[in-house]
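J.: So that we are looking at the same thing, I have put the structure below in structure tokens.
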Amino acid sequence: MTNVVALPDPSLLELVDLEVDQTLNLITAFAVTTSAAARCPLCQQASGKVHSYYSRTLADLSCTSPHVCGLVQVRRFFCCNPACERKIFTERLPTCAAAYARRMLRQAETLCELAFALGGKVGEQIAALLGMTTSHDTLLRLTRRSSPPNVSTPRILGVDDFGATRGRTCSCKTSERRIFTWNSASSALPG
């Protein structure tokens with residue numbers, strides 16, 4: 001079967017089969033890795049001696065309304081370095097999925113963008129409409145793991161000094177119409 005553009009990295013993975021299950025509303029792509037050898041994650045020694053095979057199930061972005069799942073057959077290798085602590089290791093898919101992950105990198109990035117833009121509960125609802133099942137807790141966990149998006153520095157700050165003198169919380173409006181609040185108004189008082 002020819003490779004399709006739907007694979008995250010066609011140079012690393014080869015599509016073996018594509019299965020559509022209309023009762024479960026699921027598209028499953030079966031793929032295998034194409035590299036002849038892999039590097040040990042600890043000592044970086046290349047090895048071509050295969051120990052065994054196993055399948056990783058990775059959720060992917062949906063192309064239409066059905067959910068898309070990738071079943072990737074990855075290999076375990078013997079480490080050729082006798083001084084290495086790890087005797088057996090699994091080949092990594094750095095451009096497709098993180099180690100131990102259950103979703104492709106592009107789905108994780110999309111969910112993270114949804115979480116930053118919409119938050120947990122609303123992000124969960126929109127993700128379900130896009131064919132990606134997740135919980136609001138997972139979305140919040142993804143935002144904590146990733147670096148915050150680049151936000152420009154405000155040009156103009158207006159401080160509500162009336163609230164600060166009355167012992168209330170202080171609010172600030174920027175030129176971009178965003179509001180920042182502080183719990184302690186003492187830092188906003190002059191002198």
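Every chain in the structure tokens takes a letter, A first, then B, and so on in the order presented; its residues are numbered from 1, and the ligands are numbered from 1 following the presented order.
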Determine which residues of segment 27-117 of chain A DSSP labels as strand (DSSP E) from the backbone of this structure, then write them out as a ChimeraX atom specification.
T.: /A:27-33,38-39,46-47,50-60,67-78,88-90
J.: Would you pick out the contacts of segment 85-102 of chain A at 6 Å or less, using only C-alpha atoms, so that residues sharing its chain but fewer than 6 positions from it are not included, and give the list as a PDB file with N, CA and C atoms, in the first residue's frame?
T.:
ATOM      1  N   PRO A   8       2.196  11.141  10.196  1.00  0.00           N
ATOM      2  CA  PRO A   8       2.944  12.297  10.697  1.00  0.00           C
ATOM      3  C   PRO A   8       4.343  12.421  10.100  1.00  0.00           C
ATOM      4  N   ALA A  38      18.129   1.474  15.670  1.00  0.00           N
ATOM      5  CA  ALA A  38      17.681   2.517  16.586  1.00  0.00           C
ATOM      6  C   ALA A  38      18.788   2.801  17.585  1.00  0.00           C
ATOM      7  N   LEU A  58      -1.887   5.075  19.230  1.00  0.00           N
ATOM      8  CA  LEU A  58      -1.725   6.520  19.319  1.00  0.00           C
ATOM      9  C   LEU A  58      -2.933   7.217  18.715  1.00  0.00           C
ATOM     10  N   ARG A  75       9.689  -1.691  17.641  1.00  0.00           N
ATOM     11  CA  ARG A  75      10.565  -2.810  18.015  1.00  0.00           C
ATOM     12  C   ARG A  75      11.319  -2.488  19.300  1.00  0.00           C
ATOM     13  N   ARG A  76      11.627  -3.558  20.033  1.00  0.00           N
ATOM     14  CA  ARG A  76      12.540  -3.466  21.167  1.00  0.00           C
ATOM     15  C   ARG A  76      13.889  -3.997  20.682  1.00  0.00           C
ATOM     16  N   PHE A  77      14.946  -3.316  21.080  1.00  0.00           N
ATOM     17  CA  PHE A  77      16.288  -3.695  20.649  1.00  0.00           C
ATOM     18  C   PHE A  77      17.152  -4.051  21.846  1.00  0.00           C
ATOM     19  N   PHE A  78      18.161  -4.883  21.605  1.00  0.00           N
ATOM     20  CA  PHE A  78      19.210  -5.126  22.586  1.00  0.00           C
ATOM     21  C   PHE A  78      20.215  -3.990  22.460  1.00  0.00           C
ATOM     22  N   CYS A  79      20.677  -3.451  23.584  1.00  0.00           N
ATOM     23  CA  CYS A  79      21.726  -2.438  23.554  1.00  0.00           C
ATOM     24  C   CYS A  79      23.063  -3.157  23.373  1.00  0.00           C
TER      25      CYS A  79
END
J.: Skip segment 143-152 of chain A itself and residues of its chain fewer than 3 positions away, then list as a ChimeraX atom specification all residues within 9 Å of it, counting only C-alpha atoms.
T.: /A:112-113,115-116,138-140,155
J.: Please, could you write that set of residues out with N, CA and C atoms as a PDB file, in the first residue's frame?
T.:
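Saved result, again_30.pdb, follows:
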ATOM      1  N   CYS A 112      -3.400  21.388  23.194  1.00  0.00           N
ATOM      2  CA  CYS A 112      -2.769  22.410  24.025  1.00  0.00           C
ATOM      3  C   CYS A 112      -3.203  23.808  23.589  1.00  0.00           C
ATOM      4  N   GLU A 113      -3.280  24.036  22.285  1.00  0.00           N
ATOM      5  CA  GLU A 113      -3.755  25.333  21.781  1.00  0.00           C
ATOM      6  C   GLU A 113      -5.205  25.574  22.190  1.00  0.00           C
ATOM      7  N   ALA A 115      -6.661  24.338  24.828  1.00  0.00           N
ATOM      8  CA  ALA A 115      -6.682  24.574  26.272  1.00  0.00           C
ATOM      9  C   ALA A 115      -6.230  25.992  26.611  1.00  0.00           C
ATOM     10  N   PHE A 116      -5.188  26.491  25.942  1.00  0.00           N
ATOM     11  CA  PHE A 116      -4.728  27.857  26.190  1.00  0.00           C
ATOM     12  C   PHE A 116      -5.776  28.880  25.773  1.00  0.00           C
ATOM     13  N   THR A 138      -7.165  16.684  31.511  1.00  0.00           N
ATOM     14  CA  THR A 138      -6.063  16.423  30.595  1.00  0.00           C
ATOM     15  C   THR A 138      -5.648  17.703  29.876  1.00  0.00           C
ATOM     16  N   LEU A 139      -6.611  18.509  29.476  1.00  0.00           N
ATOM     17  CA  LEU A 139      -6.286  19.776  28.811  1.00  0.00           C
ATOM     18  C   LEU A 139      -5.495  20.693  29.738  1.00  0.00           C
ATOM     19  N   LEU A 140      -5.906  20.779  30.983  1.00  0.00           N
ATOM     20  CA  LEU A 140      -5.176  21.614  31.941  1.00  0.00           C
ATOM     21  C   LEU A 140      -3.783  21.051  32.212  1.00  0.00           C
ATOM     22  N   ARG A 155       1.713  48.165  26.176  1.00  0.00           N
ATOM     23  CA  ARG A 155       2.300  49.485  25.958  1.00  0.00           C
ATOM     24  C   ARG A 155       1.784  50.493  26.980  1.00  0.00           C
TER      25      ARG A 155
END
J.: Report as a list in words: the residues of segment 20-126 of chain A with a DSSP assignment of helix (DSSP H, G or I), based on the backbone of this structure.
T.: Leu105, Arg106, Gln107, Ala108, Glu109, Thr110, Leu111, Cys112, Glu113, Leu114, Ala115, Phe116, Ala117, Leu118, Gly120, Lys121, Val122, Gly123, Glu124, Gln125 and Ile126 of chain A
J.: Would you mind listing what lies within 8 Å of Gly120 of chain A as a PyMOL selection string, with only C-alpha atoms counted and same-chain residues fewer than 2 positions away left out?
T.: chain A and resi 115+118+122-124+135-137+139-140
J.: Could you save the residues just selected, with N, CA and C atoms, as a PDB file, in the first residue's frame?
T.:
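Writing done, so here's part_33.pdb:
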ATOM      1  N   ALA A 115      -6.661  24.338  24.828  1.00  0.00           N
ATOM      2  CA  ALA A 115      -6.682  24.574  26.272  1.00  0.00           C
ATOM      3  C   ALA A 115      -6.230  25.992  26.611  1.00  0.00           C
ATOM      4  N   LEU A 118      -9.238  28.313  25.247  1.00  0.00           N
ATOM      5  CA  LEU A 118     -10.600  28.164  25.755  1.00  0.00           C
ATOM      6  C   LEU A 118     -10.693  27.694  27.195  1.00  0.00           C
ATOM      7  N   VAL A 122     -14.683  24.204  28.320  1.00  0.00           N
ATOM      8  CA  VAL A 122     -15.082  24.567  26.959  1.00  0.00           C
ATOM      9  C   VAL A 122     -14.159  23.901  25.952  1.00  0.00           C
ATOM     10  N   GLY A 123     -12.860  23.812  26.261  1.00  0.00           N
ATOM     11  CA  GLY A 123     -11.920  23.123  25.394  1.00  0.00           C
ATOM     12  C   GLY A 123     -12.284  21.661  25.212  1.00  0.00           C
ATOM     13  N   GLU A 124     -12.769  21.027  26.278  1.00  0.00           N
ATOM     14  CA  GLU A 124     -13.205  19.624  26.198  1.00  0.00           C
ATOM     15  C   GLU A 124     -14.380  19.483  25.231  1.00  0.00           C
ATOM     16  N   SER A 135     -10.480  14.850  28.441  1.00  0.00           N
ATOM     17  CA  SER A 135     -11.147  15.447  29.592  1.00  0.00           C
ATOM     18  C   SER A 135     -10.576  16.836  29.849  1.00  0.00           C
ATOM     19  N   HIS A 136     -11.302  17.622  30.627  1.00  0.00           N
ATOM     20  CA  HIS A 136     -10.819  18.973  30.945  1.00  0.00           C
ATOM     21  C   HIS A 136      -9.555  18.916  31.802  1.00  0.00           C
ATOM     22  N   ASP A 137      -9.435  17.891  32.635  1.00  0.00           N
ATOM     23  CA  ASP A 137      -8.223  17.739  33.443  1.00  0.00           C
ATOM     24  C   ASP A 137      -6.994  17.485  32.564  1.00  0.00           C
ATOM     25  N   LEU A 139      -6.611  18.509  29.476  1.00  0.00           N
ATOM     26  CA  LEU A 139      -6.286  19.776  28.811  1.00  0.00           C
ATOM     27  C   LEU A 139      -5.495  20.693  29.738  1.00  0.00           C
ATOM     28  N   LEU A 140      -5.906  20.779  30.983  1.00  0.00           N
ATOM     29  CA  LEU A 140      -5.176  21.614  31.941  1.00  0.00           C
ATOM     30  C   LEU A 140      -3.783  21.051  32.212  1.00  0.00           C
TER      31      LEU A 140
END
J.: Just checking: using only C-alpha atoms, which residue out of A:Val72, A:Ala83, A:Ser62, A:Arg106 ends up closest to Ala127 of chain A?
T.: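 Between A:Val72, A:Ala83, A:Ser62, A:Arg106, the residue approaching Ala127 of chain A most closely is A:Ser62.
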